[in-house]
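Inspection log for the structure reproduced underneath, given as structure tokens.
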Amino acid sequence: MKKKVKKFVITVLFAIMAVIILSVLAVVIARFINSNQNKINTENGIQESDYIDINGIKQYIQIRGEDTENPIMIFIHGGPASPTGYVSAYYQKDLEAELTIINYDQRGCGRTYYANNLDGNANIELLVEDLNGIVEYAKERFNKEKVIIAGHSWGTVIGSIYAQKYPENVSCYIGVSQITSLYENKLNAARMAIKEAEMKDAKAADKLSELVERMSSVSKYEDMSIDDLNQLVSLTAKYIACDGEMSGIRQIWTGITSPDMNIDDIKWFLSMIDTEKFFAQNKDIMEYAFFGFDIHNLSPTYDVPVYYISGEGDYAVCQNDVQNYYESIEAPDKAFYLLENVGHTMFMDNPKLYCESVKTILSRIK
């Protein structure tokens with residue numbers, strides 16, 4: 001009997017080892033294939049990852065494009081503190097023939113965080129000036145007068161402020177999953193979900209209504225319950241999320257098989273799993289994101305063209321809020337694009353659809 005048990009344990013261990021080895025091999029092969037497919041080989045192309053000195057820190061930037069004579073687009077990641085540069089080739093590849101695209105890890109997060117001795121000191125003023133430093137670097141290096149500013153989610157907060165503060169540097173502003181007032185955006189998305197839940201699950205509708213009522217009375221960050229917030233977002237997603245949203249497993253696979261992902265990206269991604277700790281570590285920008293920023297406090301008049309791209313399945317922010325705000329602003333040119341069957345990170349859900357929208361915008365500004 002003992003021999004049988006021992007034999008069974010050995011068999012199981014070998015099976016586990018085989019699965020691990022095969023999994024690692026699959027990742028290595030996938031990274032090799034993706035590296036070859038995403039390599040930029042054009043004569044005037046650029047594929048570069050580096051650190052540059054911006055406002056007293058080393059700022060990680062990634063630059064990709066098939067022709068450096070093309071317009072420059074600087075993409076501001078969301079979060080707060082959630083870099084996406086390590087998978088950029090996945091979601092922007094169809095744009096690289098027409099744009100030179102700069103992704104960067106913001107102050108206090110990702111590779112920038114680890115390159116500066118774990119310095120997490122970030123606030124909105126510093127982040128806007130960091131962006132300006134990158135813009136000036138790009139203008140000088142590539143001999144451009146202006147650049148395209150594109151922000152996603154939290155990045156739209158930085159991008160909106162920047163477009164109004166430094167319009168002379170901006171050829172157009174693109175807000176992807178635009179935030180107008182984050183805390184209220186989440187509550188309004190939940191209110192939309194309640195209407196769906198009422199037709200399917202009365203208990204869920206009641207729970208959402210209870211969360212909305214309780215959270216509506218909160219007016220400062222210190223009183224915000226992260227547990228309530230997580231429940232609200234989770235339940236909202238259940239009734240608003242679309243089939244086209246990329247699953248968590250696919251997101252992980254896309255990340256680990258990207259040839260651009262390194263150990264710092266992995267460490268930062270793992271740090272985000274502990275929500276309480278992550279929010280505490282990034283308290284200043286989290287506080288500003290949830291209760292400090294209201295886009296209506298900016299001027300309703302923009303000196304640059306403004307374009308918004310929203311996903312119909314976005315449960316993180318309310319697309320109705322964005323559309324209402326869009327109707328209220330004045331700009332040299334403006335447009336609102338609501339994409340079907342994609343969510344908050346539509347560029348991951350459907351890169352082709354996202355890139356087509358950006359190409360449509362490029363045709364307008366040309």
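Chain identifiers are assigned as A, B, and so on, following the order in which chains appear in the structure tokens; residues are numbered from 1 within each chain, and ligands are numbered from 1 in order of appearance.
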
Margin query: What's around A:Lys220 at 9 Å? Count only C-alpha atoms, leave out sequence neighbours fewer than 2 positions away in its own chain, and write the answer as a PyMOL selection string.
Written below: chain A and resi 218+222-224+287+290-292

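The two atoms in question, atom CA of A:Glu312 and atom CA of A:Ile365, are spaced 24.9 Å apart.
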
Margin query: Report, in Å to a single decimal, how far apart atom CA of A:Gln59 and atom CA of A:Tyr104 are.
Written below: 7.3 Å

Counting only C-alpha atoms, what are the residues of stretch 231-346 of chain A within 9 Å of stretch 158-169 of chain A, and for each of them which pair of atoms is the nearest and at what distance in Å, to one decimal? Sort the table by chain and rising number, as CSV.
```
residue,atom,partner,partner_atom,distance
A:Ile295,CA,A:Ser160,CA,7.9
A:Leu298,CA,A:Ile161,CA,7.6
A:Ser299,CA,A:Gln164,CA,7.9
A:Thr301,CA,A:Gln164,CA,8.7
A:Tyr302,CA,A:Gln164,CA,6.4
A:Asp303,CA,A:Pro167,CA,6.2
A:Val304,CA,A:Pro167,CA,6.3
```

Output for the residues just chosen: C-alpha atoms as a PDB file, in the first residue's frame:
```pdb
ATOM      1  CA  ILE A 295     -13.624  68.291 -15.398  1.00  0.00           C
ATOM      2  CA  LEU A 298     -11.844  73.336 -16.353  1.00  0.00           C
ATOM      3  CA  SER A 299     -12.769  75.840 -19.018  1.00  0.00           C
ATOM      4  CA  THR A 301     -13.547  76.121 -24.213  1.00  0.00           C
ATOM      5  CA  TYR A 302     -10.595  74.167 -25.599  1.00  0.00           C
ATOM      6  CA  ASP A 303      -8.027  75.718 -27.928  1.00  0.00           C
ATOM      7  CA  VAL A 304      -7.269  72.323 -29.496  1.00  0.00           C
TER       8      VAL A 304
END
```

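The spacing separating atom CA of A:Asp260 from atom CA of A:Val87 amounts to 6.8 Å.
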
Item checked: Pick from A:Val317, A:Ser247, A:Arg64, A:Asn36, whichever lies nearest to A:Leu187 using only C-alpha atoms -> A:Val317

Per residue of stretch 165-216 of chain A within 12 Å of stretch 79-86 of chain A, which atom pair is closest and at what distance in Å (one decimal), using only C-alpha atoms, listed by chain and increasing number, as a Markdown table?
```
| residue | atom | partner | partner_atom | distance |
| --- | --- | --- | --- | --- |
| A:Ser177 | CA | A:Gly79 | CA | 11.7 |
| A:Ile179 | CA | A:Gly79 | CA | 11.4 |
| A:Leu182 | CA | A:Pro80 | CA | 11.2 |
```

Check: Which polymer residues have any atom within 7 Å of an atom of stretch 269-285 of chain A, counting only C-alpha atoms, with same-chain residues fewer than 4 positions away left out, as a list in words?
Finding: Pro80, Ala122, Asn123, Ile124, Asp265 and Ala289 of chain A

Expected answer as a PDB file with C-alpha atoms, in the first residue's frame: strand (DSSP E or B) residues in stretch 86-230 of chain A:
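Writing done, so here's states_0.pdb:
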```
ATOM      1  CA  THR A 100       5.338  57.440 -33.614  1.00  0.00           C
ATOM      2  CA  ILE A 101       3.884  56.538 -30.211  1.00  0.00           C
ATOM      3  CA  ILE A 102       5.461  57.252 -26.838  1.00  0.00           C
ATOM      4  CA  ASN A 103       4.277  55.304 -23.798  1.00  0.00           C
ATOM      5  CA  TYR A 104       5.723  56.056 -20.384  1.00  0.00           C
ATOM      6  CA  VAL A 147       2.202  66.355 -30.464  1.00  0.00           C
ATOM      7  CA  ILE A 148      -1.016  64.399 -30.082  1.00  0.00           C
ATOM      8  CA  ILE A 149      -1.961  63.865 -26.440  1.00  0.00           C
ATOM      9  CA  ALA A 150      -3.975  60.699 -25.760  1.00  0.00           C
ATOM     10  CA  GLY A 151      -4.982  59.608 -22.282  1.00  0.00           C
ATOM     11  CA  HIS A 152      -6.783  56.546 -20.966  1.00  0.00           C
ATOM     12  CA  VAL A 170      -0.962  69.971 -28.594  1.00  0.00           C
ATOM     13  CA  SER A 171      -2.241  69.206 -32.103  1.00  0.00           C
ATOM     14  CA  CYS A 172      -5.267  67.407 -30.621  1.00  0.00           C
ATOM     15  CA  TYR A 173      -6.430  65.722 -27.442  1.00  0.00           C
ATOM     16  CA  ILE A 174      -7.907  62.193 -27.409  1.00  0.00           C
ATOM     17  CA  GLY A 175      -9.725  61.052 -24.276  1.00  0.00           C
ATOM     18  CA  VAL A 176     -10.086  57.265 -24.128  1.00  0.00           C
TER      19      VAL A 176
END
```

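Checking A:Val28, A:Ile52, A:Ala241, A:Leu127 one by one against A:Tyr288, counting only C-alpha atoms, you find the shortest gap at A:Leu127.
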
Check stretch 149-215 of chain A with DSSP on the backbone and list each residue it calls alpha helix (DSSP H), as a PDB file with N, CA and C atoms, in the first residue's frame.
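Below you can see part.pdb, which holds the result:
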```
ATOM      1  N   TRP A 154      -7.547  57.339 -15.936  1.00  0.00           N
ATOM      2  CA  TRP A 154      -6.825  58.304 -15.111  1.00  0.00           C
ATOM      3  C   TRP A 154      -5.929  59.197 -15.971  1.00  0.00           C
ATOM      4  N   GLY A 155      -5.401  58.633 -17.052  1.00  0.00           N
ATOM      5  CA  GLY A 155      -4.567  59.424 -17.957  1.00  0.00           C
ATOM      6  C   GLY A 155      -5.324  60.572 -18.601  1.00  0.00           C
ATOM      7  N   THR A 156      -6.668  60.470 -18.682  1.00  0.00           N
ATOM      8  CA  THR A 156      -7.462  61.557 -19.255  1.00  0.00           C
ATOM      9  C   THR A 156      -7.530  62.757 -18.315  1.00  0.00           C
ATOM     10  N   VAL A 157      -7.337  62.498 -17.020  1.00  0.00           N
ATOM     11  CA  VAL A 157      -7.283  63.608 -16.065  1.00  0.00           C
ATOM     12  C   VAL A 157      -6.037  64.443 -16.351  1.00  0.00           C
ATOM     13  N   ILE A 158      -4.892  63.770 -16.426  1.00  0.00           N
ATOM     14  CA  ILE A 158      -3.636  64.453 -16.732  1.00  0.00           C
ATOM     15  C   ILE A 158      -3.713  65.114 -18.111  1.00  0.00           C
ATOM     16  N   GLY A 159      -4.238  64.365 -19.088  1.00  0.00           N
ATOM     17  CA  GLY A 159      -4.301  64.862 -20.461  1.00  0.00           C
ATOM     18  C   GLY A 159      -5.207  66.064 -20.626  1.00  0.00           C
ATOM     19  N   SER A 160      -6.365  66.063 -19.972  1.00  0.00           N
ATOM     20  CA  SER A 160      -7.305  67.186 -20.071  1.00  0.00           C
ATOM     21  C   SER A 160      -6.694  68.460 -19.501  1.00  0.00           C
ATOM     22  N   ILE A 161      -6.062  68.311 -18.335  1.00  0.00           N
ATOM     23  CA  ILE A 161      -5.421  69.478 -17.711  1.00  0.00           C
ATOM     24  C   ILE A 161      -4.298  69.989 -18.605  1.00  0.00           C
ATOM     25  N   TYR A 162      -3.510  69.048 -19.144  1.00  0.00           N
ATOM     26  CA  TYR A 162      -2.380  69.445 -19.975  1.00  0.00           C
ATOM     27  C   TYR A 162      -2.846  70.168 -21.243  1.00  0.00           C
ATOM     28  N   ALA A 163      -3.888  69.645 -21.885  1.00  0.00           N
ATOM     29  CA  ALA A 163      -4.375  70.245 -23.134  1.00  0.00           C
ATOM     30  C   ALA A 163      -4.814  71.688 -22.933  1.00  0.00           C
ATOM     31  N   GLN A 164      -5.310  72.000 -21.737  1.00  0.00           N
ATOM     32  CA  GLN A 164      -5.728  73.380 -21.475  1.00  0.00           C
ATOM     33  C   GLN A 164      -4.575  74.248 -20.983  1.00  0.00           C
ATOM     34  N   LYS A 165      -3.613  73.644 -20.305  1.00  0.00           N
ATOM     35  CA  LYS A 165      -2.491  74.423 -19.775  1.00  0.00           C
ATOM     36  C   LYS A 165      -1.444  74.720 -20.843  1.00  0.00           C
ATOM     37  N   LEU A 182     -14.529  61.127 -11.212  1.00  0.00           N
ATOM     38  CA  LEU A 182     -14.421  59.672 -11.109  1.00  0.00           C
ATOM     39  C   LEU A 182     -15.417  59.047 -10.138  1.00  0.00           C
ATOM     40  N   TYR A 183     -15.519  59.588  -8.947  1.00  0.00           N
ATOM     41  CA  TYR A 183     -16.413  58.988  -7.951  1.00  0.00           C
ATOM     42  C   TYR A 183     -17.852  59.034  -8.449  1.00  0.00           C
ATOM     43  N   GLU A 184     -18.248  60.177  -8.997  1.00  0.00           N
ATOM     44  CA  GLU A 184     -19.604  60.311  -9.522  1.00  0.00           C
ATOM     45  C   GLU A 184     -19.792  59.457 -10.777  1.00  0.00           C
ATOM     46  N   ASN A 185     -18.760  59.331 -11.589  1.00  0.00           N
ATOM     47  CA  ASN A 185     -18.837  58.473 -12.775  1.00  0.00           C
ATOM     48  C   ASN A 185     -19.161  57.034 -12.389  1.00  0.00           C
ATOM     49  N   LYS A 186     -18.521  56.552 -11.331  1.00  0.00           N
ATOM     50  CA  LYS A 186     -18.755  55.175 -10.888  1.00  0.00           C
ATOM     51  C   LYS A 186     -20.167  55.013 -10.321  1.00  0.00           C
ATOM     52  N   LEU A 187     -20.629  56.018  -9.593  1.00  0.00           N
ATOM     53  CA  LEU A 187     -21.990  55.960  -9.060  1.00  0.00           C
ATOM     54  C   LEU A 187     -23.015  55.988 -10.195  1.00  0.00           C
ATOM     55  N   ASN A 188     -22.774  56.803 -11.209  1.00  0.00           N
ATOM     56  CA  ASN A 188     -23.714  56.883 -12.333  1.00  0.00           C
ATOM     57  C   ASN A 188     -23.718  55.607 -13.163  1.00  0.00           C
ATOM     58  N   ALA A 189     -22.545  54.969 -13.297  1.00  0.00           N
ATOM     59  CA  ALA A 189     -22.489  53.674 -13.982  1.00  0.00           C
ATOM     60  C   ALA A 189     -23.302  52.643 -13.188  1.00  0.00           C
ATOM     61  N   ALA A 190     -23.202  52.700 -11.869  1.00  0.00           N
ATOM     62  CA  ALA A 190     -23.964  51.785 -11.019  1.00  0.00           C
ATOM     63  C   ALA A 190     -25.466  52.041 -11.142  1.00  0.00           C
ATOM     64  N   ARG A 191     -25.845  53.303 -11.268  1.00  0.00           N
ATOM     65  CA  ARG A 191     -27.267  53.631 -11.443  1.00  0.00           C
ATOM     66  C   ARG A 191     -27.809  53.053 -12.749  1.00  0.00           C
ATOM     67  N   MET A 192     -26.965  53.042 -13.783  1.00  0.00           N
ATOM     68  CA  MET A 192     -27.366  52.405 -15.036  1.00  0.00           C
ATOM     69  C   MET A 192     -27.517  50.897 -14.841  1.00  0.00           C
ATOM     70  N   ALA A 193     -26.602  50.313 -14.053  1.00  0.00           N
ATOM     71  CA  ALA A 193     -26.636  48.871 -13.809  1.00  0.00           C
ATOM     72  C   ALA A 193     -27.876  48.471 -13.012  1.00  0.00           C
ATOM     73  N   ILE A 194     -28.316  49.349 -12.121  1.00  0.00           N
ATOM     74  CA  ILE A 194     -29.509  49.050 -11.309  1.00  0.00           C
ATOM     75  C   ILE A 194     -30.713  48.804 -12.206  1.00  0.00           C
ATOM     76  N   LYS A 195     -30.848  49.618 -13.250  1.00  0.00           N
ATOM     77  CA  LYS A 195     -31.984  49.460 -14.172  1.00  0.00           C
ATOM     78  C   LYS A 195     -31.957  48.102 -14.854  1.00  0.00           C
ATOM     79  N   GLU A 196     -30.753  47.627 -15.200  1.00  0.00           N
ATOM     80  CA  GLU A 196     -30.622  46.304 -15.803  1.00  0.00           C
ATOM     81  C   GLU A 196     -30.898  45.216 -14.777  1.00  0.00           C
ATOM     82  N   ALA A 197     -30.382  45.396 -13.567  1.00  0.00           N
ATOM     83  CA  ALA A 197     -30.533  44.392 -12.520  1.00  0.00           C
ATOM     84  C   ALA A 197     -31.988  44.223 -12.094  1.00  0.00           C
ATOM     85  N   GLU A 198     -32.745  45.310 -12.116  1.00  0.00           N
ATOM     86  CA  GLU A 198     -34.154  45.237 -11.700  1.00  0.00           C
ATOM     87  C   GLU A 198     -34.951  44.258 -12.544  1.00  0.00           C
ATOM     88  N   ALA A 202     -33.637  41.038  -8.415  1.00  0.00           N
ATOM     89  CA  ALA A 202     -34.086  42.086  -7.502  1.00  0.00           C
ATOM     90  C   ALA A 202     -33.121  42.270  -6.331  1.00  0.00           C
ATOM     91  N   LYS A 203     -32.541  41.165  -5.850  1.00  0.00           N
ATOM     92  CA  LYS A 203     -31.611  41.265  -4.720  1.00  0.00           C
ATOM     93  C   LYS A 203     -30.361  42.048  -5.113  1.00  0.00           C
ATOM     94  N   ALA A 204     -29.866  41.769  -6.299  1.00  0.00           N
ATOM     95  CA  ALA A 204     -28.679  42.490  -6.778  1.00  0.00           C
ATOM     96  C   ALA A 204     -28.999  43.970  -6.961  1.00  0.00           C
ATOM     97  N   ALA A 205     -30.192  44.260  -7.486  1.00  0.00           N
ATOM     98  CA  ALA A 205     -30.604  45.654  -7.673  1.00  0.00           C
ATOM     99  C   ALA A 205     -30.686  46.367  -6.330  1.00  0.00           C
ATOM    100  N   ASP A 206     -31.230  45.677  -5.331  1.00  0.00           N
ATOM    101  CA  ASP A 206     -31.330  46.261  -3.993  1.00  0.00           C
ATOM    102  C   ASP A 206     -29.947  46.509  -3.392  1.00  0.00           C
ATOM    103  N   LYS A 207     -29.048  45.538  -3.597  1.00  0.00           N
ATOM    104  CA  LYS A 207     -27.689  45.691  -3.052  1.00  0.00           C
ATOM    105  C   LYS A 207     -26.981  46.870  -3.708  1.00  0.00           C
ATOM    106  N   LEU A 208     -27.115  46.997  -5.021  1.00  0.00           N
ATOM    107  CA  LEU A 208     -26.512  48.122  -5.722  1.00  0.00           C
ATOM    108  C   LEU A 208     -27.106  49.444  -5.256  1.00  0.00           C
ATOM    109  N   SER A 209     -28.413  49.467  -5.085  1.00  0.00           N
ATOM    110  CA  SER A 209     -29.085  50.694  -4.617  1.00  0.00           C
ATOM    111  C   SER A 209     -28.586  51.082  -3.234  1.00  0.00           C
ATOM    112  N   GLU A 210     -28.393  50.075  -2.389  1.00  0.00           N
ATOM    113  CA  GLU A 210     -27.880  50.321  -1.037  1.00  0.00           C
ATOM    114  C   GLU A 210     -26.470  50.892  -1.079  1.00  0.00           C
ATOM    115  N   LEU A 211     -25.630  50.315  -1.948  1.00  0.00           N
ATOM    116  CA  LEU A 211     -24.257  50.795  -2.082  1.00  0.00           C
ATOM    117  C   LEU A 211     -24.226  52.223  -2.614  1.00  0.00           C
ATOM    118  N   VAL A 212     -25.049  52.499  -3.624  1.00  0.00           N
ATOM    119  CA  VAL A 212     -25.095  53.838  -4.206  1.00  0.00           C
ATOM    120  C   VAL A 212     -25.555  54.857  -3.169  1.00  0.00           C
ATOM    121  N   GLU A 213     -26.576  54.497  -2.421  1.00  0.00           N
ATOM    122  CA  GLU A 213     -27.090  55.414  -1.398  1.00  0.00           C
ATOM    123  C   GLU A 213     -26.032  55.687  -0.333  1.00  0.00           C
ATOM    124  N   ARG A 214     -25.368  54.617   0.117  1.00  0.00           N
ATOM    125  CA  ARG A 214     -24.356  54.791   1.162  1.00  0.00           C
ATOM    126  C   ARG A 214     -23.156  55.583   0.645  1.00  0.00           C
ATOM    127  N   MET A 215     -22.709  55.262  -0.568  1.00  0.00           N
ATOM    128  CA  MET A 215     -21.525  55.926  -1.109  1.00  0.00           C
ATOM    129  C   MET A 215     -21.809  57.353  -1.554  1.00  0.00           C
TER     130      MET A 215
END
```

Notebook entry, point to check: A:Ser357, A:Asn55, A:Asn143, A:Ser88: which is nearest A:Arg107, counting only C-alpha atoms?
Noted result: A:Asn55

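Of the residues under consideration (A:Thr180, A:Glu145, A:Leu95, A:Asp53), A:Asp53 shows the shortest atom-to-atom contact distance to A:Asn116 when counting only C-alpha atoms.
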
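Considering the residues A:Asn34, A:Ala316, A:Pro305, A:Tyr51 and counting only C-alpha atoms, A:Ser234 has its shortest atom-to-atom contact with A:Ala316.
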
Margin query: Report as number ranges by chain all protein, DNA and RNA residues lying within 10 Å of A:Asp243, evaluated on only C-alpha atoms, omitting residues in the same chain fewer than 3 positions from it.
Written below: A: 240, 246-247, 313, 341-343, 349
